[in-house]
file final_6.pdb (PDB, C-alpha atoms)
ATOM      1  CA  MET P  81      31.474  45.997   4.746
ATOM      2  CA  ASN P  82      34.383  47.546   6.591
ATOM      3  CA  THR P  83      35.638  45.551   9.583
ATOM      4  CA  PRO P  84      37.176  47.755  12.271
ATOM      5  CA  SER P  85      40.649  46.979  13.526
ATOM      6  CA  VAL P  86      41.016  45.513  17.007
ATOM      7  CA  ASN P  87      42.099  48.895  18.337
ATOM      8  CA  ALA P  88      39.021  50.601  16.894
ATOM      9  CA  ILE P  89      36.408  48.254  18.402
ATOM     10  CA  ASP P  90      33.926  49.991  20.694
ATOM     11  CA  THR P  91      34.005  48.268  24.103
ATOM     12  CA  SER P  92      31.254  50.288  25.746
ATOM     13  CA  ALA P  93      28.739  48.305  27.807
ATOM     14  CA  ASP P  94      25.930  48.779  25.277
ATOM     15  CA  ARG P  95      28.089  47.459  22.464
ATOM     16  CA  LEU P  96      29.221  44.421  24.472
ATOM     17  CA  LEU P  97      25.633  43.401  25.183
ATOM     18  CA  LEU P  98      25.126  42.877  21.481
ATOM     19  CA  GLN P  99      28.236  40.800  20.851
ATOM     20  CA  PRO P 100      28.378  37.018  21.141
ATOM     21  CA  PRO P 101      28.788  35.172  23.448
ATOM     22  CA  TYR P 102      26.857  37.738  25.491
ATOM     23  CA  ARG P 103      23.093  37.709  25.552
ATOM     24  CA  LYS P 104      20.443  39.593  27.369
ATOM     25  CA  ASP P 105      17.450  37.619  28.526
ATOM     26  CA  PRO P 106      14.581  39.716  29.904
ATOM     27  CA  ALA P 107      13.828  37.009  32.473
ATOM     28  CA  ARG P 108      17.377  37.110  33.885
ATOM     29  CA  PRO P 109      20.181  39.573  34.440
ATOM     30  CA  LEU P 110      22.953  39.759  31.867
ATOM     31  CA  THR P 111      24.265  36.261  31.280
ATOM     32  CA  ILE P 112      27.809  36.039  30.019
ATOM     33  CA  LEU P 113      29.226  33.032  28.234
ATOM     34  CA  CYS P 114      26.060  30.960  28.172
ATOM     35  CA  MET P 115      24.532  28.808  25.541
ATOM     36  CA  ASN P 116      21.280  29.982  24.018
ATOM     37  CA  PRO P 117      18.314  27.595  24.125
ATOM     38  CA  ASP P 118      18.672  26.751  20.436
ATOM     39  CA  ASP P 119      22.403  25.960  20.628
ATOM     40  CA  HIS P 120      23.222  22.285  20.288
ATOM     41  CA  VAL P 121      24.284  20.439  23.424
ATOM     42  CA  CYS P 122      24.686  17.155  21.560
ATOM     43  CA  LEU P 123      26.747  18.055  18.525
ATOM     44  CA  CYS P 124      26.720  14.475  17.183
ATOM     45  CA  PHE P 125      22.912  14.311  16.899
ATOM     46  CA  HIS P 126      22.135  18.074  16.808
ATOM     47  CA  VAL P 127      20.032  18.089  19.993
ATOM     48  CA  SER P 128      19.460  21.593  21.347
ATOM     49  CA  GLN P 129      19.466  22.774  24.922
ATOM     50  CA  ARG P 130      15.801  23.764  24.450
ATOM     51  CA  LYS P 131      14.859  20.237  23.386
ATOM     52  CA  ILE P 132      16.598  18.669  26.399
ATOM     53  CA  VAL P 133      15.114  21.170  28.869
ATOM     54  CA  ASN P 134      11.596  20.875  27.421
ATOM     55  CA  TYR P 135      11.809  17.081  27.518
ATOM     56  CA  CYS P 136      12.906  17.198  31.175
ATOM     57  CA  LYS P 137      10.138  19.632  32.107
ATOM     58  CA  ARG P 138       7.473  17.658  30.249
ATOM     59  CA  GLU P 139       8.464  14.080  31.042
ATOM     60  CA  ARG P 140      10.295  14.557  34.386
ATOM     61  CA  PRO P 141      12.635  11.605  33.670
ATOM     62  CA  SER P 142      13.769   9.848  36.828
ATOM     63  CA  HIS P 143      17.155   9.095  35.304
ATOM     64  CA  VAL P 144      19.314  10.942  32.782
ATOM     65  CA  SER P 145      19.613   7.857  30.570
ATOM     66  CA  LEU P 146      15.945   8.298  29.625
ATOM     67  CA  ILE P 147      16.898  11.569  27.910
ATOM     68  CA  SER P 148      19.454   9.720  25.801
ATOM     69  CA  GLU P 149      16.989   6.936  25.075
ATOM     70  CA  CYS P 150      14.382   9.373  23.765
ATOM     71  CA  LEU P 151      16.501  12.075  22.099
ATOM     72  CA  SER P 152      19.731  10.107  21.316
ATOM     73  CA  ALA P 153      21.693  12.903  22.996
ATOM     74  CA  GLY P 154      24.831  11.560  24.609
ATOM     75  CA  THR P 155      25.001   8.356  22.598
ATOM     76  CA  GLY P 156      27.617   9.496  20.079
ATOM     77  CA  CYS P 157      31.023  10.663  21.299
ATOM     78  CA  GLY P 158      29.844  11.082  24.913
ATOM     79  CA  TRP P 159      31.107  14.656  25.315
ATOM     80  CA  CYS P 160      27.680  16.076  26.150
ATOM     81  CA  VAL P 161      26.729  13.580  28.877
ATOM     82  CA  PRO P 162      27.934  15.753  31.823
ATOM     83  CA  PHE P 163      26.107  18.743  30.318
ATOM     84  CA  ILE P 164      22.890  16.759  29.912
ATOM     85  CA  ILE P 165      23.245  15.725  33.556
ATOM     86  CA  LYS P 166      23.650  19.404  34.575
ATOM     87  CA  LEU P 167      20.522  20.412  32.644
ATOM     88  CA  HIS P 168      18.558  17.474  34.095
ATOM     89  CA  ASP P 169      19.665  18.381  37.634
ATOM     90  CA  GLN P 170      18.720  22.028  37.121
ATOM     91  CA  VAL P 171      15.236  21.167  35.829
ATOM     92  CA  MET P 172      14.627  18.612  38.567
ATOM     93  CA  SER P 173      15.692  21.087  41.251
ATOM     94  CA  GLY P 174      13.173  23.621  39.932
ATOM     95  CA  ALA P 175      15.449  26.072  38.101
ATOM     96  CA  GLU P 176      13.251  28.373  36.056
ATOM     97  CA  ASN P 177      15.813  28.919  33.280
ATOM     98  CA  PRO P 178      18.284  26.018  33.139
ATOM     99  CA  ASP P 179      21.467  27.007  31.378
ATOM    100  CA  LEU P 180      25.020  25.901  30.681
ATOM    101  CA  PRO P 181      27.808  28.289  31.734
ATOM    102  CA  VAL P 182      29.793  28.106  28.514
ATOM    103  CA  SER P 183      29.633  29.855  25.142
ATOM    104  CA  PRO P 184      28.770  27.714  22.119
ATOM    105  CA  GLU P 185      32.195  28.512  20.651
ATOM    106  CA  GLU P 186      34.063  27.405  23.772
ATOM    107  CA  TYR P 187      31.861  24.325  24.036
ATOM    108  CA  ALA P 188      32.673  23.277  20.448
ATOM    109  CA  ARG P 189      36.380  23.992  20.941
ATOM    110  CA  LYS P 190      36.543  21.869  24.091
ATOM    111  CA  ARG P 191      34.607  19.076  22.403
ATOM    112  CA  ALA P 192      37.046  19.078  19.468
ATOM    113  CA  ARG P 193      39.936  18.758  21.920
ATOM    114  CA  TYR P 194      38.088  15.962  23.747
ATOM    115  CA  ARG P 195      37.568  14.091  20.476
ATOM    116  CA  LYS P 196      41.297  14.365  19.682
ATOM    117  CA  THR P 197      42.721  13.564  23.118
ATOM    118  CA  GLY P 198      39.945  11.799  25.026
ATOM    119  CA  GLU P 199      40.536  14.225  27.916
ATOM    120  CA  ARG P 200      37.903  16.619  29.250
ATOM    121  CA  GLU P 201      38.557  20.256  30.047
ATOM    122  CA  GLN P 202      36.538  21.399  33.023
ATOM    123  CA  VAL P 203      33.652  23.755  32.378
ATOM    124  CA  PRO P 204      32.401  25.888  35.288
ATOM    125  CA  ALA P 205      29.511  24.338  37.182
ATOM    126  CA  ALA P 206      26.219  26.196  37.158
ATOM    127  CA  ASP P 207      24.527  26.781  40.478
ATOM    128  CA  PRO P 208      20.766  26.836  39.727
ATOM    129  CA  ALA P 209      20.058  28.343  43.138
ATOM    130  CA  LYS P 210      22.180  31.448  42.422
ATOM    131  CA  PRO P 211      21.100  33.911  39.736
ATOM    132  CA  GLU P 212      24.036  35.041  37.654
ATOM    133  CA  ALA P 213      25.025  38.689  38.022
TER     134      ALA P 213
END

call {"tool": "encode", "arguments": {"input": "final_6.pdb", "output": "structure tokens"}}
result
Amino acid sequence: MNTPSVNAIDTSADRLLLQPPYRKDPARPLTILCMNPDDHVCLCFHVSQRKIVNYCKRERPSHVSLISECLSAGTGCGWCVPFIIKLHDQVMSGAENPDLPVSPEEYARKRARYRKTGEREQVPAADPAKPEA
């Protein structure tokens, strides 16, 4: 398979829709730099965003620690705890499609840095009340 050079890459809108980390969800407008439901939020225990969201919708946990107790998410290195809190808050506030505003690649890169340095890089906060354009 021939890989085009950087200068030869087609950057038309249709082409960009098909390239990660872009995705098109029929229920929402184009979402850029978001995790897909099957991407892992907890990389230590391989817990997906879908699993966390479904648990929150089904069980309606009163506190985020109940998610960790049931799914083990957030009990390893601790990197995913703020993201689990964001998903929990979105579900509890009635967001139809809870999401994290970061690509899986960026998420993993920031986690690797966190594991090396112990310092968190900020990830943009999602506003469940505002649909993304």

call {"tool": "closest_residue", "arguments": {"input": "final_6.pdb", "among": "P:Leu180, P:Ala192, P:Pro117, P:Cys122", "to": "Leu167 in chain P", "atoms": "all atoms listed in the file"}}
result
P:Leu180

call {"tool": "resolve_selection", "arguments": {"input": "final_6.pdb", "expression": "the PyMOL selection byres ((chain P and resi 147-159) around 12)", "output": "number ranges by chain"}}
result
P: 120-146, 160-165, 167-168, 187-203

call {"tool": "atom_distance", "arguments": {"input": "final_6.pdb", "atom1": "CA of Asp118 in chain P", "atom2": "CA of Gln170 in chain P"}}
result
17.3 Å

call {"tool": "atom_distance", "arguments": {"input": "final_6.pdb", "atom1": "CA of Lys166 in chain P", "atom2": "CA of Glu185 in chain P"}}
result
18.7 Å

call {"tool": "decode", "arguments": {"input": "final_6.pdb", "residues": "range 104-153 of chain P", "atoms": "N, CA and C atoms", "output": "compact mmCIF listing (two decimals), in the first residue's frame"}}
result
# COMPACT_ATOMS: atom_id res chain seq x y z
N LYS P 104 -18.18 10.89 13.07
CA LYS P 104 -19.49 11.45 12.79
C LYS P 104 -20.51 10.55 13.45
N ASP P 105 -21.28 11.12 14.33
CA ASP P 105 -22.31 10.40 15.05
C ASP P 105 -23.64 10.93 14.54
N PRO P 106 -24.52 10.08 14.02
CA PRO P 106 -25.78 10.57 13.48
C PRO P 106 -26.63 11.31 14.51
N ALA P 107 -26.45 11.01 15.77
CA ALA P 107 -27.25 11.65 16.82
C ALA P 107 -26.73 13.03 17.18
N ARG P 108 -25.51 13.37 16.73
CA ARG P 108 -24.91 14.65 17.08
C ARG P 108 -24.19 15.24 15.89
N PRO P 109 -23.96 16.54 15.91
CA PRO P 109 -23.16 17.14 14.85
C PRO P 109 -21.73 16.60 14.90
N LEU P 110 -20.94 16.94 13.94
CA LEU P 110 -19.55 16.49 13.89
C LEU P 110 -18.86 16.75 15.22
N THR P 111 -18.29 15.72 15.79
CA THR P 111 -17.59 15.83 17.06
C THR P 111 -16.11 15.64 16.77
N ILE P 112 -15.32 16.62 17.12
CA ILE P 112 -13.89 16.55 16.86
C ILE P 112 -13.15 16.26 18.16
N LEU P 113 -12.18 15.41 18.07
CA LEU P 113 -11.33 15.08 19.21
C LEU P 113 -12.11 14.53 20.39
N CYS P 114 -12.94 13.56 20.15
CA CYS P 114 -13.69 12.91 21.21
C CYS P 114 -13.40 11.43 21.23
N MET P 115 -13.54 10.88 22.41
CA MET P 115 -13.38 9.44 22.54
C MET P 115 -14.64 8.76 22.03
N ASN P 116 -14.49 7.62 21.43
CA ASN P 116 -15.62 6.80 21.02
C ASN P 116 -16.08 5.99 22.22
N PRO P 117 -17.33 5.54 22.22
CA PRO P 117 -17.84 4.80 23.37
C PRO P 117 -17.01 3.57 23.75
N ASP P 118 -16.36 2.94 22.79
CA ASP P 118 -15.60 1.74 23.11
C ASP P 118 -14.13 2.00 23.45
N ASP P 119 -13.72 3.27 23.45
CA ASP P 119 -12.36 3.62 23.88
C ASP P 119 -12.27 3.48 25.39
N HIS P 120 -11.11 3.07 25.85
CA HIS P 120 -10.91 2.87 27.29
C HIS P 120 -10.67 4.19 28.00
N VAL P 121 -11.45 4.42 29.06
CA VAL P 121 -11.24 5.55 29.94
C VAL P 121 -10.23 5.14 31.01
N CYS P 122 -10.42 3.97 31.59
CA CYS P 122 -9.46 3.43 32.55
C CYS P 122 -8.53 2.50 31.78
N LEU P 123 -7.32 2.99 31.55
CA LEU P 123 -6.36 2.20 30.78
C LEU P 123 -5.73 1.10 31.63
N CYS P 124 -5.72 1.26 32.95
CA CYS P 124 -5.16 0.22 33.83
C CYS P 124 -6.02 -1.05 33.79
N PHE P 125 -7.35 -0.87 33.86
CA PHE P 125 -8.26 -2.00 33.95
C PHE P 125 -9.13 -2.17 32.70
N HIS P 126 -8.80 -1.43 31.63
CA HIS P 126 -9.48 -1.57 30.33
C HIS P 126 -11.00 -1.40 30.45
N VAL P 127 -11.42 -0.32 31.10
CA VAL P 127 -12.84 -0.02 31.26
C VAL P 127 -13.22 1.06 30.25
N SER P 128 -14.17 0.74 29.39
CA SER P 128 -14.55 1.65 28.30
C SER P 128 -15.49 2.75 28.77
N GLN P 129 -15.53 3.79 27.95
CA GLN P 129 -16.47 4.88 28.20
C GLN P 129 -17.90 4.34 28.20
N ARG P 130 -18.20 3.45 27.26
CA ARG P 130 -19.55 2.85 27.17
C ARG P 130 -19.92 2.14 28.46
N LYS P 131 -18.99 1.39 29.03
CA LYS P 131 -19.28 0.64 30.25
C LYS P 131 -19.57 1.60 31.41
N ILE P 132 -18.80 2.67 31.52
CA ILE P 132 -19.01 3.64 32.60
C ILE P 132 -20.35 4.35 32.42
N VAL P 133 -20.63 4.80 31.20
CA VAL P 133 -21.88 5.52 30.93
C VAL P 133 -23.08 4.60 31.16
N ASN P 134 -23.02 3.38 30.65
CA ASN P 134 -24.15 2.45 30.84
C ASN P 134 -24.37 2.14 32.32
N TYR P 135 -23.29 1.97 33.06
CA TYR P 135 -23.41 1.73 34.50
C TYR P 135 -24.11 2.92 35.18
N CYS P 136 -23.67 4.13 34.83
CA CYS P 136 -24.27 5.33 35.43
C CYS P 136 -25.75 5.46 35.07
N LYS P 137 -26.09 5.18 33.82
CA LYS P 137 -27.49 5.27 33.40
C LYS P 137 -28.35 4.20 34.08
N ARG P 138 -27.81 3.00 34.22
CA ARG P 138 -28.56 1.90 34.79
C ARG P 138 -28.67 1.99 36.31
N GLU P 139 -27.56 2.25 36.97
CA GLU P 139 -27.53 2.19 38.43
C GLU P 139 -27.75 3.54 39.11
N ARG P 140 -27.52 4.66 38.36
CA ARG P 140 -27.66 6.00 38.91
C ARG P 140 -26.91 6.15 40.24
N PRO P 141 -25.60 5.86 40.25
CA PRO P 141 -24.84 5.90 41.50
C PRO P 141 -24.84 7.30 42.11
N SER P 142 -25.07 7.37 43.41
CA SER P 142 -25.13 8.66 44.08
C SER P 142 -23.75 9.29 44.23
N HIS P 143 -22.72 8.46 44.19
CA HIS P 143 -21.36 8.96 44.32
C HIS P 143 -20.46 8.24 43.32
N VAL P 144 -19.47 8.97 42.82
CA VAL P 144 -18.57 8.43 41.80
C VAL P 144 -17.80 7.21 42.30
N SER P 145 -17.51 7.15 43.58
CA SER P 145 -16.74 6.02 44.11
C SER P 145 -17.45 4.69 43.89
N LEU P 146 -18.77 4.71 43.73
CA LEU P 146 -19.50 3.47 43.46
C LEU P 146 -19.16 2.90 42.09
N ILE P 147 -18.79 3.78 41.16
CA ILE P 147 -18.36 3.33 39.82
C ILE P 147 -17.05 2.56 39.97
N SER P 148 -16.13 3.12 40.73
CA SER P 148 -14.85 2.46 40.96
C SER P 148 -15.03 1.14 41.70
N GLU P 149 -15.92 1.14 42.66
CA GLU P 149 -16.17 -0.08 43.44
C GLU P 149 -16.69 -1.21 42.56
N CYS P 150 -17.56 -0.88 41.62
CA CYS P 150 -18.16 -1.90 40.77
C CYS P 150 -17.26 -2.28 39.59
N LEU P 151 -16.68 -1.29 38.92
CA LEU P 151 -15.95 -1.54 37.67
C LEU P 151 -14.43 -1.56 37.84
N SER P 152 -13.92 -1.15 39.00
CA SER P 152 -12.48 -1.01 39.29
C SER P 152 -11.85 0.18 38.58
N ALA P 153 -12.61 0.90 37.77
CA ALA P 153 -12.06 2.06 37.07
C ALA P 153 -11.63 3.11 38.08
